[in-house]
Amino acid sequence: MMREDWSIISDAKRAELFPIVLEAHNPRWKEYYAAESLFLREIFEDCVVRMSHIGSTAVAGLLAKPTIDILLEISDDSELQPITEKLLDAGYVVNNPKDDIVMYIKGYTPRGFEGQAVHIHVRYSADWGELYFRDYLTLHADVASEYERLKVRLKEQFTHDRDGYTDAKGAFIKKHTQQARLEFPGRYTPEIKKN
């Protein structure tokens, strides 16, 4: 597969190509996650510590951007360069957001969205808030409904500003992630291996 050249696309053009889109929950998102996780386990092999479906597509019944978000936690001694080369050859694009070591994305092309969009957030193993937030929304339908209403309002305001949309959800996510950590203390704390 040919690697896409993103250097020729301006930020304004990217905003136009990749607007915020929200869709009713699709049960196939779980199947997409399962297929993608099998592929990633083959590529990352022994580097994988834990892999999790996160984000709104992981919460049954929740309106979501149709993007499969995967938190892929790796061991500290993982060598990412050969993995990155394999994923680039398979059509993924490399992104470097602030919270991830690296993020691989699929479904984004210089022509716009094509196929199933996937975000693979690669991080070292830790007690990540996204896992708590997902679980909290799954168990608290009232909070999930409130989050859905917030996303609908923000989509109208930030249709062509993905960073603005994400930032505007931040206070809500932080508040409920903190509540989730109180409700499920230490649920995702990595095990400490003893010699």
# chains A, B, ... in the order shown; residues from 1 in each chain; ligands from 1
$ select_by_dssp --residues "range 75-189 of chain A" --states "strand (DSSP E)" --output "VMD selection string"
chain A and resid 93 to 95 102 to 109 112 to 124
$ write_last_selection --atoms "N, CA and C atoms" --output "mmCIF file, in the first residue's frame"
data_model
loop_
_atom_site.group_PDB
_atom_site.id
_atom_site.type_symbol
_atom_site.label_atom_id
_atom_site.label_comp_id
_atom_site.auth_asym_id
_atom_site.auth_seq_id
_atom_site.Cartn_x
_atom_site.Cartn_y
_atom_site.Cartn_z
ATOM 1 N N VAL A 93 -1.226 6.143 9.524
ATOM 2 C CA VAL A 93 -0.519 7.418 9.581
ATOM 3 C C VAL A 93 -0.061 7.598 11.023
ATOM 4 N N VAL A 94 1.112 8.210 11.203
ATOM 5 C CA VAL A 94 1.635 8.455 12.542
ATOM 6 C C VAL A 94 1.229 9.847 12.994
ATOM 7 N N ASN A 95 0.770 9.929 14.233
ATOM 8 C CA ASN A 95 0.402 11.188 14.863
ATOM 9 C C ASN A 95 1.092 11.209 16.222
ATOM 10 N N VAL A 102 3.036 7.500 20.889
ATOM 11 C CA VAL A 102 2.745 7.675 19.467
ATOM 12 C C VAL A 102 1.277 7.276 19.271
ATOM 13 N N MET A 103 0.666 7.796 18.227
ATOM 14 C CA MET A 103 -0.684 7.365 17.888
ATOM 15 C C MET A 103 -0.666 7.009 16.408
ATOM 16 N N TYR A 104 -1.217 5.849 16.103
ATOM 17 C CA TYR A 104 -1.360 5.418 14.717
ATOM 18 C C TYR A 104 -2.825 5.591 14.359
ATOM 19 N N ILE A 105 -3.082 6.180 13.182
ATOM 20 C CA ILE A 105 -4.463 6.376 12.762
ATOM 21 C C ILE A 105 -4.683 5.751 11.394
ATOM 22 N N LYS A 106 -5.907 5.335 11.182
ATOM 23 C CA LYS A 106 -6.299 4.703 9.921
ATOM 24 C C LYS A 106 -7.666 5.246 9.535
ATOM 25 N N GLY A 107 -7.921 5.324 8.237
ATOM 26 C CA GLY A 107 -9.215 5.801 7.759
ATOM 27 C C GLY A 107 -9.195 7.263 7.356
ATOM 28 N N TYR A 108 -8.038 7.902 7.487
ATOM 29 C CA TYR A 108 -7.861 9.304 7.098
ATOM 30 C C TYR A 108 -6.984 9.338 5.855
ATOM 31 N N THR A 109 -7.455 10.004 4.826
ATOM 32 C CA THR A 109 -6.683 10.096 3.590
ATOM 33 C C THR A 109 -6.720 11.546 3.102
ATOM 34 N N GLY A 112 -10.200 12.620 2.407
ATOM 35 C CA GLY A 112 -11.198 12.599 3.473
ATOM 36 C C GLY A 112 -11.234 11.228 4.116
ATOM 37 N N PHE A 113 -12.279 10.964 4.884
ATOM 38 C CA PHE A 113 -12.423 9.670 5.546
ATOM 39 C C PHE A 113 -12.625 8.571 4.513
ATOM 40 N N GLU A 114 -11.955 7.439 4.698
ATOM 41 C CA GLU A 114 -12.166 6.267 3.853
ATOM 42 C C GLU A 114 -12.069 5.027 4.715
ATOM 43 N N GLY A 115 -13.121 4.223 4.721
ATOM 44 C CA GLY A 115 -13.133 3.013 5.536
ATOM 45 C C GLY A 115 -13.338 3.348 7.005
ATOM 46 N N GLN A 116 -13.105 2.362 7.835
ATOM 47 C CA GLN A 116 -13.293 2.529 9.279
ATOM 48 C C GLN A 116 -12.136 3.330 9.868
ATOM 49 N N ALA A 117 -12.462 4.436 10.533
ATOM 50 C CA ALA A 117 -11.441 5.243 11.208
ATOM 51 C C ALA A 117 -11.046 4.559 12.516
ATOM 52 N N VAL A 118 -9.739 4.522 12.769
ATOM 53 C CA VAL A 118 -9.194 3.897 13.975
ATOM 54 C C VAL A 118 -8.092 4.792 14.536
ATOM 55 N N HIS A 119 -8.096 4.967 15.858
ATOM 56 C CA HIS A 119 -7.013 5.661 16.564
ATOM 57 C C HIS A 119 -6.389 4.658 17.533
ATOM 58 N N ILE A 120 -5.096 4.420 17.393
ATOM 59 C CA ILE A 120 -4.387 3.515 18.288
ATOM 60 C C ILE A 120 -3.470 4.364 19.164
ATOM 61 N N HIS A 121 -3.863 4.509 20.426
ATOM 62 C CA HIS A 121 -3.118 5.314 21.380
ATOM 63 C C HIS A 121 -2.100 4.401 22.066
ATOM 64 N N VAL A 122 -0.832 4.563 21.743
ATOM 65 C CA VAL A 122 0.215 3.709 22.304
ATOM 66 C C VAL A 122 0.831 4.418 23.511
ATOM 67 N N ARG A 123 0.785 3.739 24.659
ATOM 68 C CA ARG A 123 1.315 4.293 25.907
ATOM 69 C C ARG A 123 1.963 3.175 26.717
ATOM 70 N N TYR A 124 2.776 3.563 27.679
ATOM 71 C CA TYR A 124 3.299 2.586 28.622
ATOM 72 C C TYR A 124 2.189 2.232 29.600
#
$ residues_around --residues "range 153-170 of chain A" --least-positions-apart "2" --cutoff "8 Å" --atoms "only C-alpha atoms" --output "ChimeraX atom specification"
/A:15-16,18-22,149-151,172-174
$ write_last_selection --atoms "N, CA and C atoms" --output "compact mmCIF listing (two decimals), in the first residue's frame"
# COMPACT_ATOMS: atom_id res chain seq x y z
N ALA A 15 -9.15 20.35 8.35
CA ALA A 15 -10.39 20.64 9.08
C ALA A 15 -11.61 20.41 8.20
N GLU A 16 -11.48 20.78 6.93
CA GLU A 16 -12.57 20.58 5.96
C GLU A 16 -12.78 19.09 5.65
N PHE A 18 -12.01 16.46 7.53
CA PHE A 18 -12.32 15.60 8.67
C PHE A 18 -13.19 16.32 9.70
N PRO A 19 -14.44 16.62 9.35
CA PRO A 19 -15.33 17.29 10.30
C PRO A 19 -15.74 16.34 11.43
N ILE A 20 -16.27 16.92 12.49
CA ILE A 20 -16.85 16.11 13.57
C ILE A 20 -18.15 15.52 13.04
N VAL A 21 -18.25 14.21 13.09
CA VAL A 21 -19.43 13.48 12.67
C VAL A 21 -19.86 12.63 13.86
N LEU A 22 -21.15 12.65 14.19
CA LEU A 22 -21.68 11.81 15.26
C LEU A 22 -22.70 10.85 14.67
N ARG A 149 -25.64 14.62 25.08
CA ARG A 149 -26.21 15.95 24.81
C ARG A 149 -25.10 16.99 24.66
N LEU A 150 -24.07 16.89 25.50
CA LEU A 150 -22.93 17.81 25.40
C LEU A 150 -22.25 17.66 24.04
N LYS A 151 -22.03 16.44 23.61
CA LYS A 151 -21.35 16.21 22.33
C LYS A 151 -22.17 16.78 21.16
N PHE A 172 -15.95 18.01 31.55
CA PHE A 172 -16.92 16.94 31.82
C PHE A 172 -16.21 15.61 32.02
N ILE A 173 -15.28 15.31 31.13
CA ILE A 173 -14.55 14.04 31.21
C ILE A 173 -13.74 13.98 32.49
N LYS A 174 -13.05 15.05 32.83
CA LYS A 174 -12.24 15.08 34.05
C LYS A 174 -13.09 14.86 35.30
$ closest_residue --among "A:Ser10, A:Ile83, A:Leu131, A:Lys98" --to "Ser52 in chain A" --atoms "only C-alpha atoms"
A:Leu131
$ closest_residue --among "A:Thr67, A:Glu45, A:Gly61, A:Met51" --to "Tyr32 in chain A" --atoms "only C-alpha atoms"
A:Thr67
$ closest_atom_pairs --of "range 83-178 of chain A" --to "range 55-59 of chain A" --cutoff "10 Å" --atoms "only C-alpha atoms" --output "Markdown table"
| residue | atom | partner | partner_atom | distance |
| --- | --- | --- | --- | --- |
| A:Glu130 | CA | A:Gly55 | CA | 7.2 |
| A:Leu131 | CA | A:Gly55 | CA | 8.6 |
| A:Phe133 | CA | A:Gly55 | CA | 8.4 |
| A:Arg134 | CA | A:Gly55 | CA | 6.5 |
| A:Asp135 | CA | A:Val59 | CA | 8.1 |
| A:Tyr136 | CA | A:Val59 | CA | 9.6 |
| A:Leu137 | CA | A:Val59 | CA | 7.0 |
| A:Thr138 | CA | A:Val59 | CA | 5.7 |
| A:Leu139 | CA | A:Val59 | CA | 9.5 |
| A:Ala144 | CA | A:Val59 | CA | 8.6 |
| A:Tyr147 | CA | A:Ser56 | CA | 9.7 |
| A:Glu148 | CA | A:Ser56 | CA | 9.2 |
$ write_last_selection --atoms "all heavy atoms" --output "CSV table (one decimal), in the first residue's frame"
chain,number,residue,atom,x,y,z
A,130,GLU,N,-9.0,7.1,30.8
A,130,GLU,CA,-10.0,6.7,29.7
A,130,GLU,C,-10.7,5.4,30.1
A,130,GLU,O,-11.9,5.2,29.7
A,130,GLU,CB,-9.3,6.5,28.4
A,130,GLU,CG,-8.8,7.8,27.8
A,130,GLU,CD,-7.4,8.2,28.1
A,130,GLU,OE1,-6.9,7.7,29.1
A,130,GLU,OE2,-6.8,9.0,27.4
A,131,LEU,N,-10.0,4.5,30.7
A,131,LEU,CA,-10.6,3.2,31.1
A,131,LEU,C,-11.7,3.4,32.2
A,131,LEU,O,-12.8,2.8,32.1
A,131,LEU,CB,-9.6,2.3,31.6
A,131,LEU,CG,-8.5,1.9,30.6
A,131,LEU,CD1,-7.3,1.2,31.3
A,131,LEU,CD2,-9.0,1.1,29.5
A,133,PHE,N,-13.3,6.3,32.7
A,133,PHE,CA,-14.4,7.1,32.1
A,133,PHE,C,-15.4,6.2,31.3
A,133,PHE,O,-16.6,6.3,31.4
A,133,PHE,CB,-13.9,8.2,31.2
A,133,PHE,CG,-14.9,9.2,30.7
A,133,PHE,CD1,-15.7,9.9,31.5
A,133,PHE,CD2,-15.1,9.3,29.3
A,133,PHE,CE1,-16.7,10.8,31.0
A,133,PHE,CE2,-16.1,10.1,28.8
A,133,PHE,CZ,-16.8,10.9,29.6
A,134,ARG,N,-14.8,5.3,30.5
A,134,ARG,CA,-15.6,4.3,29.8
A,134,ARG,C,-16.5,3.5,30.7
A,134,ARG,O,-17.7,3.4,30.5
A,134,ARG,CB,-14.7,3.4,29.0
A,134,ARG,CG,-15.4,2.3,28.2
A,134,ARG,CD,-14.5,1.1,27.9
A,134,ARG,NE,-14.0,0.5,29.1
A,134,ARG,CZ,-12.9,-0.3,29.2
A,134,ARG,NH1,-12.2,-0.5,28.1
A,134,ARG,NH2,-12.5,-0.8,30.3
A,135,ASP,N,-15.9,3.0,31.7
A,135,ASP,CA,-16.7,2.2,32.7
A,135,ASP,C,-17.8,3.0,33.4
A,135,ASP,O,-18.9,2.5,33.6
A,135,ASP,CB,-15.8,1.5,33.7
A,135,ASP,CG,-14.8,0.5,33.1
A,135,ASP,OD1,-14.9,0.2,31.9
A,135,ASP,OD2,-14.0,0.0,33.9
A,136,TYR,N,-17.5,4.2,33.7
A,136,TYR,CA,-18.4,5.0,34.4
A,136,TYR,C,-19.6,5.3,33.5
A,136,TYR,O,-20.8,5.2,33.9
A,136,TYR,CB,-17.8,6.3,34.8
A,136,TYR,CG,-18.5,7.1,35.9
A,136,TYR,CD1,-18.4,6.6,37.2
A,136,TYR,CD2,-19.3,8.2,35.6
A,136,TYR,CE1,-19.1,7.3,38.2
A,136,TYR,CE2,-20.0,8.8,36.6
A,136,TYR,CZ,-19.9,8.4,37.9
A,136,TYR,OH,-20.6,9.1,38.9
A,137,LEU,N,-19.4,5.6,32.2
A,137,LEU,CA,-20.5,5.9,31.3
A,137,LEU,C,-21.3,4.6,31.1
A,137,LEU,O,-22.5,4.7,31.0
A,137,LEU,CB,-20.0,6.4,29.9
A,137,LEU,CG,-19.3,7.7,29.9
A,137,LEU,CD1,-18.8,8.0,28.5
A,137,LEU,CD2,-20.3,8.8,30.4
A,138,THR,N,-20.6,3.5,31.1
A,138,THR,CA,-21.3,2.2,30.9
A,138,THR,C,-22.3,1.9,32.0
A,138,THR,O,-23.4,1.4,31.8
A,138,THR,CB,-20.3,1.0,30.7
A,138,THR,OG1,-19.5,1.3,29.5
A,138,THR,CG2,-21.0,-0.3,30.6
A,139,LEU,N,-21.9,2.2,33.2
A,139,LEU,CA,-22.7,1.9,34.4
A,139,LEU,C,-23.7,3.0,34.8
A,139,LEU,O,-24.6,2.8,35.6
A,139,LEU,CB,-21.8,1.7,35.6
A,139,LEU,CG,-21.0,0.4,35.5
A,139,LEU,CD1,-20.0,0.2,36.7
A,139,LEU,CD2,-21.9,-0.8,35.5
A,144,ALA,N,-24.1,9.1,30.8
A,144,ALA,CA,-23.9,8.9,29.4
A,144,ALA,C,-24.8,9.8,28.6
A,144,ALA,O,-24.4,10.3,27.6
A,144,ALA,CB,-24.1,7.4,29.1
A,147,TYR,N,-23.6,13.3,28.6
A,147,TYR,CA,-22.4,13.4,27.8
A,147,TYR,C,-22.8,13.5,26.3
A,147,TYR,O,-22.3,14.2,25.5
A,147,TYR,CB,-21.5,12.2,28.0
A,147,TYR,CG,-20.1,12.2,27.3
A,147,TYR,CD1,-19.3,13.4,27.3
A,147,TYR,CD2,-19.7,11.1,26.6
A,147,TYR,CE1,-18.1,13.4,26.7
A,147,TYR,CE2,-18.5,11.1,26.0
A,147,TYR,CZ,-17.7,12.3,26.0
A,147,TYR,OH,-16.5,12.3,25.4
A,148,GLU,N,-23.8,12.7,25.9
A,148,GLU,CA,-24.3,12.7,24.6
A,148,GLU,C,-24.9,14.0,24.2
A,148,GLU,O,-24.6,14.6,23.1
A,148,GLU,CB,-25.4,11.6,24.4
A,148,GLU,CG,-25.8,11.3,23.0
A,148,GLU,CD,-26.6,10.1,22.9
A,148,GLU,OE1,-26.1,8.9,22.9
A,148,GLU,OE2,-27.9,10.2,22.9
$ residues_around --residues "Glu42 in chain A" --least-positions-apart "5" --cutoff "12 Å" --atoms "only C-alpha atoms" --output "list of chain:residue names"
A:Ala35, A:Glu36, A:Ser37, A:Cys47, A:Val48, A:Ile83, A:Lys86, A:Leu87
$ atom_distance --atom1 "CA of Val49 in chain A" --atom2 "CA of Ile74 in chain A"
5.1 Å
$ decode --residues "range 125-191 of chain A" --atoms "C-alpha atoms" --output "mmCIF file, in the first residue's frame"
data_model
loop_
_atom_site.group_PDB
_atom_site.id
_atom_site.type_symbol
_atom_site.label_atom_id
_atom_site.label_comp_id
_atom_site.auth_asym_id
_atom_site.auth_seq_id
_atom_site.Cartn_x
_atom_site.Cartn_y
_atom_site.Cartn_z
ATOM 1 C CA SER A 125 1.260 0.578 31.106
ATOM 2 C CA ALA A 126 -0.395 2.804 33.730
ATOM 3 C CA ASP A 127 -3.682 3.638 35.459
ATOM 4 C CA TRP A 128 -5.261 5.490 32.505
ATOM 5 C CA GLY A 129 -8.338 7.673 33.016
ATOM 6 C CA GLU A 130 -9.976 6.698 29.722
ATOM 7 C CA LEU A 131 -10.635 3.220 31.108
ATOM 8 C CA TYR A 132 -12.400 4.619 34.168
ATOM 9 C CA PHE A 133 -14.436 7.105 32.119
ATOM 10 C CA ARG A 134 -15.602 4.334 29.756
ATOM 11 C CA ASP A 135 -16.681 2.153 32.677
ATOM 12 C CA TYR A 136 -18.439 5.037 34.391
ATOM 13 C CA LEU A 137 -20.489 5.866 31.295
ATOM 14 C CA THR A 138 -21.337 2.192 30.866
ATOM 15 C CA LEU A 139 -22.695 1.942 34.421
ATOM 16 C CA HIS A 140 -24.340 5.368 34.683
ATOM 17 C CA ALA A 141 -26.860 5.850 31.870
ATOM 18 C CA ASP A 142 -27.818 9.310 33.152
ATOM 19 C CA VAL A 143 -24.219 10.527 32.842
ATOM 20 C CA ALA A 144 -23.895 8.896 29.410
ATOM 21 C CA SER A 145 -27.051 10.754 28.277
ATOM 22 C CA GLU A 146 -25.668 14.034 29.610
ATOM 23 C CA TYR A 147 -22.394 13.399 27.776
ATOM 24 C CA GLU A 148 -24.293 12.661 24.566
ATOM 25 C CA ARG A 149 -26.214 15.948 24.815
ATOM 26 C CA LEU A 150 -22.933 17.805 25.404
ATOM 27 C CA LYS A 151 -21.354 16.212 22.329
ATOM 28 C CA VAL A 152 -24.327 17.175 20.138
ATOM 29 C CA ARG A 153 -24.089 20.821 21.291
ATOM 30 C CA LEU A 154 -20.326 20.909 20.783
ATOM 31 C CA LYS A 155 -20.531 19.315 17.330
ATOM 32 C CA GLU A 156 -22.558 22.299 16.143
ATOM 33 C CA GLN A 157 -19.993 24.722 17.557
ATOM 34 C CA PHE A 158 -16.824 22.837 16.550
ATOM 35 C CA THR A 159 -17.779 20.929 13.374
ATOM 36 C CA HIS A 160 -14.452 21.765 11.704
ATOM 37 C CA ASP A 161 -12.303 22.113 14.830
ATOM 38 C CA ARG A 162 -11.434 18.674 16.200
ATOM 39 C CA ASP A 163 -9.088 20.040 18.875
ATOM 40 C CA GLY A 164 -11.678 22.580 20.019
ATOM 41 C CA TYR A 165 -14.315 19.850 20.226
ATOM 42 C CA THR A 166 -12.037 17.608 22.279
ATOM 43 C CA ASP A 167 -10.904 20.432 24.581
ATOM 44 C CA ALA A 168 -14.503 21.566 25.207
ATOM 45 C CA LYS A 169 -15.385 18.081 26.517
ATOM 46 C CA GLY A 170 -12.415 18.136 28.898
ATOM 47 C CA ALA A 171 -14.054 19.444 32.088
ATOM 48 C CA PHE A 172 -16.923 16.940 31.816
ATOM 49 C CA ILE A 173 -14.552 14.040 31.211
ATOM 50 C CA LYS A 174 -12.239 15.083 34.052
ATOM 51 C CA LYS A 175 -15.112 15.425 36.527
ATOM 52 C CA HIS A 176 -16.581 12.005 35.774
ATOM 53 C CA THR A 177 -13.210 10.295 35.535
ATOM 54 C CA GLN A 178 -12.485 11.512 39.079
ATOM 55 C CA GLN A 179 -15.855 10.156 40.218
ATOM 56 C CA ALA A 180 -15.091 6.843 38.494
ATOM 57 C CA ARG A 181 -11.724 6.575 40.263
ATOM 58 C CA LEU A 182 -13.554 6.967 43.574
ATOM 59 C CA GLU A 183 -16.123 4.340 42.594
ATOM 60 C CA PHE A 184 -13.568 1.861 41.191
ATOM 61 C CA PRO A 185 -10.358 2.571 43.143
ATOM 62 C CA GLY A 186 -7.282 0.995 41.601
ATOM 63 C CA ARG A 187 -9.251 -0.936 38.987
ATOM 64 C CA TYR A 188 -6.622 -0.396 36.294
ATOM 65 C CA THR A 189 -3.468 -0.036 38.363
ATOM 66 C CA PRO A 190 -0.777 -2.129 36.684
ATOM 67 C CA GLU A 191 0.418 -5.139 38.610
#
